[in-house]
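One file, structure_25.txt, carrying compact mmCIF, C-alpha atoms and all ligand atoms:
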```txt
# COMPACT_ATOMS: atom_id res chain seq x y z
CA MET A 861 97.70 101.15 98.18
CA PRO A 862 97.61 101.91 94.47
CA SER A 863 97.46 98.18 93.83
CA SER A 864 94.08 98.10 95.56
CA PHE A 865 92.59 99.96 92.66
CA ASN A 866 92.32 97.42 89.93
CA ARG A 867 91.06 98.38 86.58
CA ARG A 868 88.49 95.74 86.00
CA GLY A 869 86.51 95.40 89.16
CA GLU A 870 88.20 92.16 90.06
CA SER A 871 87.97 91.09 93.63
CA ALA A 872 90.10 93.21 95.90
CA PRO A 873 93.66 92.10 96.36
CA ARG A 874 94.25 91.61 100.07
CA ALA A 875 96.62 94.52 100.16
CA VAL A 876 97.43 94.51 103.82
CA PRO A 877 96.78 91.72 106.25
CA LEU A 878 94.27 92.39 109.01
CA SER A 879 94.70 91.58 112.66
CA ILE A 880 93.10 91.23 116.26
CA LEU A 881 93.26 89.97 119.90
CA SER A 882 90.90 88.86 122.67
CA CYS A 883 90.45 88.54 126.46
CA CYS A 884 88.33 87.67 129.50
CA CYS A 885 88.63 86.47 133.07
CA ALA A 886 87.27 86.86 136.53
CA LEU A 887 90.42 87.48 138.49
CA LEU A 888 88.90 90.11 140.64
CA VAL A 889 87.24 87.70 143.05
CA ALA A 890 90.55 85.94 143.55
CA LEU A 891 92.31 89.25 143.92
CA LEU A 892 89.88 90.37 146.59
CA ALA A 893 90.32 87.11 148.41
CA CYS A 894 94.10 87.42 148.30
CA ALA A 895 94.35 91.11 148.99
CA PRO A 896 95.92 92.11 152.30
CA ALA A 897 93.45 93.88 154.57
CA GLY A 898 94.87 97.29 153.77
CA SER A 899 94.34 97.07 150.04
CA PHE A 900 90.92 95.51 150.30
CA SER A 901 89.02 98.76 150.29
CA LEU A 902 91.15 99.98 147.41
CA ALA A 903 90.22 96.90 145.39
CA VAL A 904 86.54 97.39 146.15
CA HIS A 905 86.90 100.97 145.08
CA ALA A 906 88.47 99.71 141.86
CA GLN A 907 85.18 98.13 140.93
CA GLN A 908 83.54 101.49 141.06
CA SER A 909 85.95 103.75 139.30
CA GLN A 910 89.66 104.13 138.91
CA THR A 911 92.02 105.96 136.63
CA VAL A 912 95.05 104.55 134.84
CA LYS A 913 97.21 106.64 137.16
CA GLN A 914 96.13 104.63 140.18
CA GLY A 915 98.11 101.44 139.56
CA VAL A 916 95.57 99.32 137.72
CA TYR A 917 98.01 96.56 136.67
CA THR A 918 101.02 94.77 138.14
CA GLU A 919 104.67 94.62 137.01
CA GLU A 920 104.33 90.89 136.58
CA GLN A 921 101.33 91.34 134.30
CA ALA A 922 103.11 93.93 132.19
CA LYS A 923 105.96 91.45 131.77
CA ARG A 924 103.52 88.86 130.44
CA GLY A 925 102.02 91.50 128.17
CA GLN A 926 105.44 92.42 126.88
CA SER A 927 106.20 88.90 125.81
CA ILE A 928 102.88 88.56 123.95
CA TYR A 929 103.50 91.96 122.41
CA LYS A 930 106.94 90.94 121.15
CA ASP A 931 105.51 87.84 119.59
CA ARG A 932 102.29 89.09 118.08
CA CYS A 933 102.42 92.87 117.73
CA SER A 934 105.92 94.26 117.44
CA SER A 935 106.29 93.41 113.75
CA CYS A 936 103.69 96.08 112.94
CA HIS A 937 103.79 98.39 115.95
CA GLY A 938 107.56 98.37 116.52
CA GLU A 939 109.88 97.01 119.21
CA THR A 940 109.35 100.11 121.34
CA LEU A 941 105.71 100.73 120.37
CA GLU A 942 106.93 103.48 118.08
CA GLY A 943 104.77 102.34 115.15
CA ARG A 944 105.74 100.84 111.81
CA LEU A 945 103.04 99.56 109.48
CA GLY A 946 100.57 100.11 112.31
CA PRO A 947 100.32 103.29 114.40
CA PRO A 948 102.41 103.91 117.54
CA LEU A 949 100.93 102.52 120.76
CA ALA A 950 102.70 105.10 122.90
CA GLY A 951 103.00 108.86 122.89
CA ASP A 952 100.64 111.79 122.71
CA ASN A 953 98.88 110.88 119.48
CA PHE A 954 98.05 107.45 120.78
CA ILE A 955 96.99 108.52 124.25
CA GLY A 956 95.09 111.51 122.90
CA ASP A 957 93.00 109.09 120.86
CA TRP A 958 92.13 106.76 123.72
CA ASP A 959 91.96 108.91 126.83
CA LYS A 960 88.41 110.09 126.17
CA GLN A 961 87.10 106.56 126.53
CA PRO A 962 87.16 103.95 129.27
CA LEU A 963 90.01 101.45 129.17
CA SER A 964 87.56 98.74 128.07
CA GLU A 965 87.55 100.32 124.60
CA LEU A 966 91.28 99.84 124.17
CA VAL A 967 91.14 96.27 125.44
CA ASN A 968 88.22 95.53 123.10
CA LYS A 969 89.96 97.11 120.14
CA ILE A 970 92.89 94.77 120.69
CA ARG A 971 90.77 91.78 121.52
CA ASN A 972 88.47 92.14 118.54
CA THR A 973 90.70 93.48 115.79
CA MET A 974 94.35 92.71 116.55
CA PRO A 975 96.79 91.34 115.49
CA GLN A 976 95.44 92.70 112.26
CA ASN A 977 96.67 89.69 110.28
CA ASP A 978 95.28 87.09 112.69
CA PRO A 979 92.47 88.65 114.71
CA GLY A 980 90.23 87.14 117.35
CA LYS A 981 92.76 84.69 118.72
CA LEU A 982 93.82 86.39 121.95
CA THR A 983 92.06 85.62 125.19
CA GLY A 984 90.57 88.49 127.14
CA GLN A 985 93.30 88.12 129.70
CA GLN A 986 96.02 88.32 127.06
CA ALA A 987 94.54 91.55 125.72
CA ALA A 988 94.44 92.97 129.26
CA ASP A 989 98.05 91.89 129.78
CA ILE A 990 99.10 93.71 126.64
CA VAL A 991 97.25 96.81 127.80
CA ALA A 992 99.12 96.53 131.11
CA TYR A 993 102.35 96.61 129.11
CA ILE A 994 101.14 99.56 127.02
CA LEU A 995 100.34 101.43 130.26
CA GLN A 996 103.76 100.60 131.64
CA VAL A 997 105.51 101.93 128.55
CA GLY A 998 103.28 105.02 128.82
CA LYS A 999 104.69 105.54 132.35
CA PHE A 1000 101.46 104.90 134.15
CA PRO A 1001 102.35 103.32 137.49
CA ALA A 1002 101.96 99.64 138.35
CA GLY A 1003 99.97 98.67 141.44
CA GLN A 1004 99.03 95.68 143.59
CA ALA A 1005 96.19 94.23 141.56
CA GLU A 1006 96.18 92.91 138.02
CA LEU A 1007 94.04 94.40 135.31
CA GLY A 1008 91.29 91.84 134.76
CA ALA A 1009 89.42 91.20 131.56
CA ASP A 1010 85.95 91.74 132.93
CA GLU A 1011 84.30 94.32 130.72
CA ALA A 1012 82.17 95.84 133.48
CA VAL A 1013 85.28 96.48 135.57
CA LEU A 1014 87.33 97.78 132.63
CA LYS A 1015 84.54 100.21 131.84
CA GLN A 1016 85.12 101.80 135.22
CA VAL A 1017 88.77 102.49 134.48
CA THR A 1018 89.25 105.88 132.88
CA TRP A 1019 92.07 108.23 131.99
CA PRO A 1020 92.45 111.33 134.11
CA ALA A 1021 92.83 114.67 132.38
CA GLY A 1022 96.31 115.94 131.59
CA ASN A 1023 97.99 112.82 130.17
CA LEU A 1024 99.63 114.50 127.25
CA ALA A 1025 103.11 115.98 127.33
CA GLN A 1026 101.85 118.70 125.03
CA PRO A 1027 98.13 119.27 125.46
CA LYS A 1028 96.34 119.27 122.13
CA PRO A 1029 95.59 122.81 121.01
CA ARG A 1030 91.98 123.77 121.56
CA PRO A 1031 90.05 123.62 118.31
CA THR A 1032 89.32 126.92 116.64
CA ALA A 1033 85.74 127.85 115.81
CA THR A 1034 86.18 126.62 112.23
CA GLN A 1035 87.67 123.33 113.30
CA ALA A 1036 85.08 122.81 116.00
CA SER A 1037 82.28 123.18 113.48
CA SER A 1038 83.77 120.59 111.14
CA PHE A 1039 83.67 116.88 111.77
CA PRO A 1040 86.78 115.19 113.12
CA PRO A 1041 87.94 112.13 111.20
CA ALA A 1042 86.29 108.84 112.14
CA GLY A 1043 88.87 106.62 110.50
CA ASN A 1044 92.40 106.60 109.21
CA LEU A 1045 93.21 107.35 105.60
CA ALA A 1046 93.46 103.71 104.54
CA GLN A 1047 90.06 103.00 106.08
CA VAL A 1048 88.44 105.91 104.25
CA MET A 1049 90.03 104.85 101.01
CA ARG A 1050 89.06 101.21 101.36
CA GLY A 1051 85.58 102.09 102.57
CA ILE A 1052 84.66 104.70 99.99
CA LEU A 1053 87.13 105.06 97.18
CA PHE A 1054 87.86 101.40 96.62
CA PRO A 1055 84.29 100.12 96.15
CA SER A 1056 83.26 103.20 94.18
CA SER A 1057 86.26 102.95 91.86
CA ASN A 1058 85.58 99.30 91.29
CA ILE A 1059 81.98 99.95 90.29
CA ILE A 1060 83.27 102.36 87.68
CA PHE A 1061 85.94 99.92 86.52
CA THR A 1062 83.33 97.18 86.24
CA ALA A 1063 81.56 99.24 83.60
CA GLN A 1064 84.48 98.41 81.30
CA THR A 1065 83.45 94.80 81.06
CA LEU A 1066 79.82 94.70 82.21
CA ASP A 1067 77.12 96.74 80.55
CA PRO A 1068 75.40 98.72 83.33
CA GLY A 1069 72.24 98.76 81.21
CA ALA A 1070 72.08 94.99 80.80
CA PRO A 1071 69.35 93.12 82.68
CA ARG A 1072 70.56 91.58 85.91
CA THR A 1073 71.04 87.89 86.35
CA THR A 1074 70.55 86.26 89.71
CA THR A 1075 73.47 83.93 89.13
CA ASP A 1076 75.86 86.84 89.51
CA ARG A 1077 79.07 85.53 91.07
CA ALA A 1078 79.38 88.53 93.39
CA ALA A 1079 75.88 87.93 94.78
CA ALA A 1080 76.70 84.31 95.47
CA GLU A 1081 79.82 85.23 97.38
CA GLY A 1082 77.73 86.88 100.05
CA PHE A 1083 79.64 89.60 101.76
CA ASN A 1084 78.84 92.60 99.65
CA TRP A 1085 76.11 95.11 99.16
CA ILE A 1086 74.65 93.22 96.24
CA THR A 1087 73.14 90.63 98.54
CA TRP A 1088 71.00 93.16 100.33
CA GLY A 1089 70.74 96.15 98.06
CA GLY A 1090 71.70 95.00 94.60
CA GLY A 1091 68.18 95.13 93.24
CA ILE A 1092 67.34 98.64 94.39
CA TYR A 1093 69.16 100.87 91.95
CA PRO A 1094 69.55 100.13 88.26
CA GLY A 1095 73.09 99.59 86.95
CA TRP A 1096 73.54 103.02 85.45
CA GLU A 1097 72.45 104.74 88.62
CA LEU A 1098 75.02 102.74 90.53
CA VAL A 1099 77.72 104.06 88.24
CA ASP A 1100 76.35 107.59 88.77
CA TYR A 1101 76.48 107.21 92.52
CA ALA A 1102 79.92 105.69 92.51
CA ALA A 1103 81.21 108.60 90.45
CA VAL A 1104 79.58 111.12 92.79
CA ALA A 1105 81.03 109.27 95.79
CA LEU A 1106 84.51 109.59 94.30
CA ALA A 1107 84.16 113.26 93.54
CA GLU A 1108 82.57 114.14 96.86
CA SER A 1109 84.83 112.07 99.05
CA ALA A 1110 88.09 113.27 97.52
CA PRO A 1111 88.20 116.25 99.96
CA LEU A 1112 88.18 113.74 102.82
CA MET A 1113 91.81 113.16 101.86
CA LEU A 1114 92.43 116.66 103.18
CA THR A 1115 90.57 116.48 106.50
CA PRO A 1116 92.88 118.02 109.12
CA GLY A 1117 93.87 115.65 111.90
CA ARG A 1118 93.46 112.45 109.90
CA ARG A 1119 96.23 109.92 110.32
CA CYS A 1120 97.63 107.33 107.96
CA GLU A 1121 97.42 103.68 108.86
CA ASN A 1122 100.89 103.88 110.41
CA GLY A 1123 99.80 106.73 112.68
CA LYS A 1124 101.63 109.47 110.78
CA PRO A 1125 99.56 112.53 109.94
CA VAL A 1126 98.14 112.69 106.42
CA PRO A 1127 100.30 115.26 104.58
CA VAL A 1128 97.36 117.60 103.97
CA ASP A 1129 99.60 120.59 103.29
CA ASP A 1130 101.83 118.78 100.83
CA ALA A 1131 101.46 120.14 97.30
CA ASP A 1132 101.56 116.68 95.69
CA TRP A 1133 98.93 115.43 98.05
CA VAL A 1134 96.64 118.33 97.30
CA LYS A 1135 97.20 117.73 93.59
CA PHE A 1136 96.27 114.09 93.97
CA THR A 1137 93.07 115.08 95.76
CA VAL A 1138 92.13 117.55 93.07
CA GLU A 1139 92.79 114.97 90.33
CA LEU A 1140 90.69 112.42 92.12
CA ALA A 1141 87.80 114.85 92.46
CA GLU A 1142 88.10 115.71 88.77
CA ALA A 1143 88.21 112.06 87.78
CA GLY A 1144 85.02 111.52 89.80
CA LYS A 1145 83.30 114.40 88.03
CA ALA A 1146 84.43 113.16 84.63
CA ALA A 1147 83.15 109.68 85.46
CA TYR A 1148 79.80 111.16 86.46
CA LYS A 1149 79.55 113.04 83.20
CA ALA A 1150 80.42 109.91 81.25
CA SER A 1151 77.92 107.86 83.21
CA GLN A 1152 75.23 110.42 82.56
CA SER A 1153 75.75 109.81 78.86
CA ARG A 1154 74.71 106.20 79.53
CA ASN A 1155 77.41 105.20 77.14
CA GLN A 1156 79.53 102.28 78.25
CA ALA A 1157 82.45 103.23 76.02
CA ALA A 1158 82.53 106.74 77.48
CA VAL A 1159 82.72 105.37 81.03
CA SER A 1160 85.33 102.88 79.94
CA ASP A 1161 87.44 105.72 78.59
CA VAL A 1162 87.22 107.71 81.78
CA THR A 1163 88.32 104.78 83.92
CA ASN A 1164 91.87 105.53 82.84
CA GLN A 1165 91.61 108.93 84.44
CA VAL A 1166 90.33 107.36 87.66
CA ALA A 1167 93.04 104.71 87.60
CA ASP A 1168 95.72 107.29 86.91
CA ALA A 1169 94.58 109.45 89.83
CA CYS A 1170 94.66 106.40 92.08
CA LEU A 1171 98.00 105.12 90.83
CA LYS A 1172 99.65 108.45 91.55
CA LEU A 1173 98.67 108.08 95.15
CA PRO A 1174 101.69 107.94 97.40
CA VAL A 1175 101.76 104.90 99.67
CA VAL A 1176 99.60 105.56 102.71
C1 LIG B 1201 99.93 93.00 110.53
C2 LIG B 1201 100.15 94.24 111.22
C3 LIG B 1201 99.64 94.40 112.62
C4 LIG B 1201 99.83 93.56 113.70
C5 LIG B 1201 100.62 92.26 113.75
C6 LIG B 1201 99.19 94.18 114.82
N1 LIG B 1201 98.62 95.36 114.44
FE1 LIG B 1201 97.62 96.68 115.64
N2 LIG B 1201 97.21 97.84 114.03
C7 LIG B 1201 97.65 97.61 112.75
C8 LIG B 1201 97.09 98.63 111.86
C9 LIG B 1201 97.33 98.73 110.37
C10 LIG B 1201 96.32 99.48 112.66
C11 LIG B 1201 95.51 100.72 112.21
C12 LIG B 1201 94.14 100.30 111.75
C13 LIG B 1201 93.19 100.02 112.89
O1 LIG B 1201 93.07 100.84 113.80
O2 LIG B 1201 92.56 98.95 112.88
C14 LIG B 1201 96.42 98.97 114.02
C15 LIG B 1201 95.81 99.56 115.13
C16 LIG B 1201 96.00 99.14 116.42
C17 LIG B 1201 95.49 99.83 117.58
C18 LIG B 1201 94.72 101.15 117.58
C19 LIG B 1201 95.75 102.27 117.65
C20 LIG B 1201 95.18 103.66 117.55
O3 LIG B 1201 95.89 104.61 117.89
O4 LIG B 1201 94.02 103.81 117.14
C21 LIG B 1201 95.88 99.13 118.68
C22 LIG B 1201 95.60 99.46 120.13
C23 LIG B 1201 96.61 97.97 118.20
N3 LIG B 1201 96.67 98.02 116.82
C24 LIG B 1201 97.16 97.01 119.02
C25 LIG B 1201 97.79 95.87 118.54
C26 LIG B 1201 98.24 94.80 119.38
C27 LIG B 1201 98.17 94.81 120.88
C28 LIG B 1201 98.78 93.84 118.56
C29 LIG B 1201 99.34 92.50 118.95
C30 LIG B 1201 98.49 91.63 119.67
C31 LIG B 1201 98.68 94.33 117.20
N4 LIG B 1201 98.06 95.55 117.23
C32 LIG B 1201 99.17 93.65 116.10
C33 LIG B 1201 98.46 96.59 112.32
C34 LIG B 1201 98.86 95.53 113.10
```

Have the structure of the file written as structure tokens, please.
Amino acid sequence: MPSSFNRRGESAPRAVPLSILSCCCALLVALLACAPAGSFSLAVHAQQSQTVKQGVYTEEQAKRGQSIYKDRCSSCHGETLEGRLGPPLAGDNFIGDWDKQPLSELVNKIRNTMPQNDPGKLTGQQAADIVAYILQVGKFPAGQAELGADEAVLKQVTWPAGNLAQPKPRPTATQASSFPPAGNLAQVMRGILFPSSNIIFTAQTLDPGAPRTTTDRAAAEGFNWITWGGGIYPGWELVDYAAVALAESAPLMLTPGRRCENGKPVPVDDADWVKFTVELAEAGKAAYKASQSRNQAAVSDVTNQVADACLKLPVV
């Protein structure tokens, strides 16, 4: 992670590969046609609503899912779904994250974003097969009908209450009034800290007060805020805002309940971690002060403090 913070606003090194999966298929009609009379009404019921405890996949399907998993997922999520670079896909933390939403969300997450280093390549059915395997490992029973990839049907499949071995403690009044994390630590850092730091680092080599040119390389590359918002705020203001973003977002490193990319909890009570957060917030404030001086050399000086705070960051 520290390597993502480069000192000169160069394009981001692709620190960690991204990944995804996909799926889709209309098995249900075939299933209904093939279903023995007794299970017919059950299958019809399945279209309305079903929980993962009611046998929503078959053993055979889970076996298919397992082989795709081994091939495409286990390097990051572990042979037994225990988590490695990516978070665990079994256990209370995993289930507790997904059991508030219909099963379609989990299938879509896999289909659209996994494997992280080669996303979008799985068919809908493959994603459903993998979910069948995940359910099997999670000890949810197999049944007579396969889990299809039809989104409307998957939306009807929910998780019943009481899936966790140890129910999550009820939030206290203080916790309930704060906002739960929306992303993991790496996502917060790449979404907020990384771009903001790079704006500050860019001030080392580009004068924020210089008139803009439309031939800016970053603008030509397309996928960045410059293409839609680059003309709105003058250069110095951008440095101001980036510095404020750093200072203000540092406490997000300490949000209770946030997980690292590998699913482990962020060590919010660890003294070194708290120290890192404080240093980052201070670096942001120092950068703001320097930016307010509208002096490029002053901002350039302070970038070392920002870089040092970032480089001290333990790997997340
Ligand atoms: C290159 C590493 C890598 C590979 C390969 C990979 N993943 Fe992931 N996966 C991650 C990372 C990192 C995250 C956390 C970030 C995120 O949620 O996007 C993640 C998150 C997930 C999540 C969300 C977990 C949660 O608790 O929020 C699911 C589900 C998932 N992956 C399934 C899969 C499946 C299924 C495959 C194989 C088809 C796969 N992944 C392959 C790295 C990987």

Here is a test: counting all atoms listed in the file, which residue of A:Ala1147, A:Leu1014, A:Met1049, A:Leu945 is nearest to ligand LIG 1201 (chain B)?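 Nearest to ligand LIG 1201 (chain B): A:Leu945.
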
Given 9 Å and all atoms listed in the file, residues near ligand LIG 1201 (chain B) as a PyMOL selection string: chain A and resi 876-882+925+928-937+943-950+953-958+966-971+973-979+982+986-987+990-991+994+1043-1044+1046-1047+1120-1123

For a test of reading the model, state the distance in Å between CA of Arg924 (chain A) and CA of Leu963 (chain A), rounded to one decimal.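 Taking CA of Arg924 (chain A) as the start and CA of Leu963 (chain A) as the end point, the length is 18.5 Å.
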
So, with all atoms listed in the file as the atoms that count, which of A:Pro1111, A:Pro1020, A:Pro1127, A:Gly938 lies closest to Lys960 (chain A)?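 Nearest to Lys960 (chain A): A:Pro1020.
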
Quick check, in Å to one decimal: how far apart do CA of Tyr1093 (chain A) and CA of Gln1152 (chain A) lie?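 Pair CA of Tyr1093 (chain A) / CA of Gln1152 (chain A) returns 14.7 Å.
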
Put the listed atoms of region 1011-1026 of chain A in a box along x, y and z with 8 Å added on every side and give me the centre and edge lengths in Å to one decimal, as JSON.
```
{"center_x": 92.6, "center_y": 106.5, "center_z": 130.3, "size_x": 36.9, "size_y": 40.4, "size_z": 26.5}
```

Quick one: residues within 10 Å of Pro1125 (chain A), only C-alpha atoms, excluding same-chain residues fewer than 6 positions away - as a PyMOL selection string? chain A and resi 953+1044-1045+1116-1119

With all atoms listed in the file as the atoms that count, which of A:Gln1165, A:Gln914, A:Gln961, A:Gln1064 lies nearest to Ala1141 (chain A)?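 Of A:Gln1165, A:Gln914, A:Gln961, A:Gln1064, the one nearest Ala1141 (chain A), counting all atoms listed in the file, is A:Gln1165.
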
Between A:Ser964, A:Ser1151, A:Asn972, A:Thr911, single out the one closest to Asn1023 (chain A), counting only C-alpha atoms.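 Using only C-alpha atoms, Asn1023 (chain A) sits closest to A:Thr911.
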
Between A:Leu1098, A:Leu1114, A:Val1013, A:Leu1024, smallest distance to Ile1060 (chain A) by all atoms listed in the file belongs to A:Leu1098

In the coordinate frame of the file, compute which residues have an atom within 12 Å of (91.1, 108.3, 81.9) when using all atoms listed in the file, and state them as a list in words.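 Here the neighbourhood of the point contains Arg867, Ile1060, Phe1061, Gln1064, Glu1139, Leu1140, Glu1142, Ala1143, Gly1144, Lys1145, Ala1146, Ala1147, Ala1150, Ala1157, Ala1158, Val1159, Ser1160, Asp1161, Val1162, Thr1163, Asn1164, Gln1165, Val1166, Ala1167, Asp1168, Ala1169, Cys1170 and Leu1171 of chain A.
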
Considering all atoms listed in the file, state which residue in the set A:Pro962, A:Thr983, A:Gly915, A:Trp1096 is at the smallest distance from Leu1007 (chain A).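 The answer is A:Gly915, which sits nearest to Leu1007 (chain A).
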
Between CA of Trp1133 (chain A) and CA of Asp1100 (chain A) - distance in Å to one decimal: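 CA of Trp1133 (chain A) lies 25.6 Å from CA of Asp1100 (chain A).
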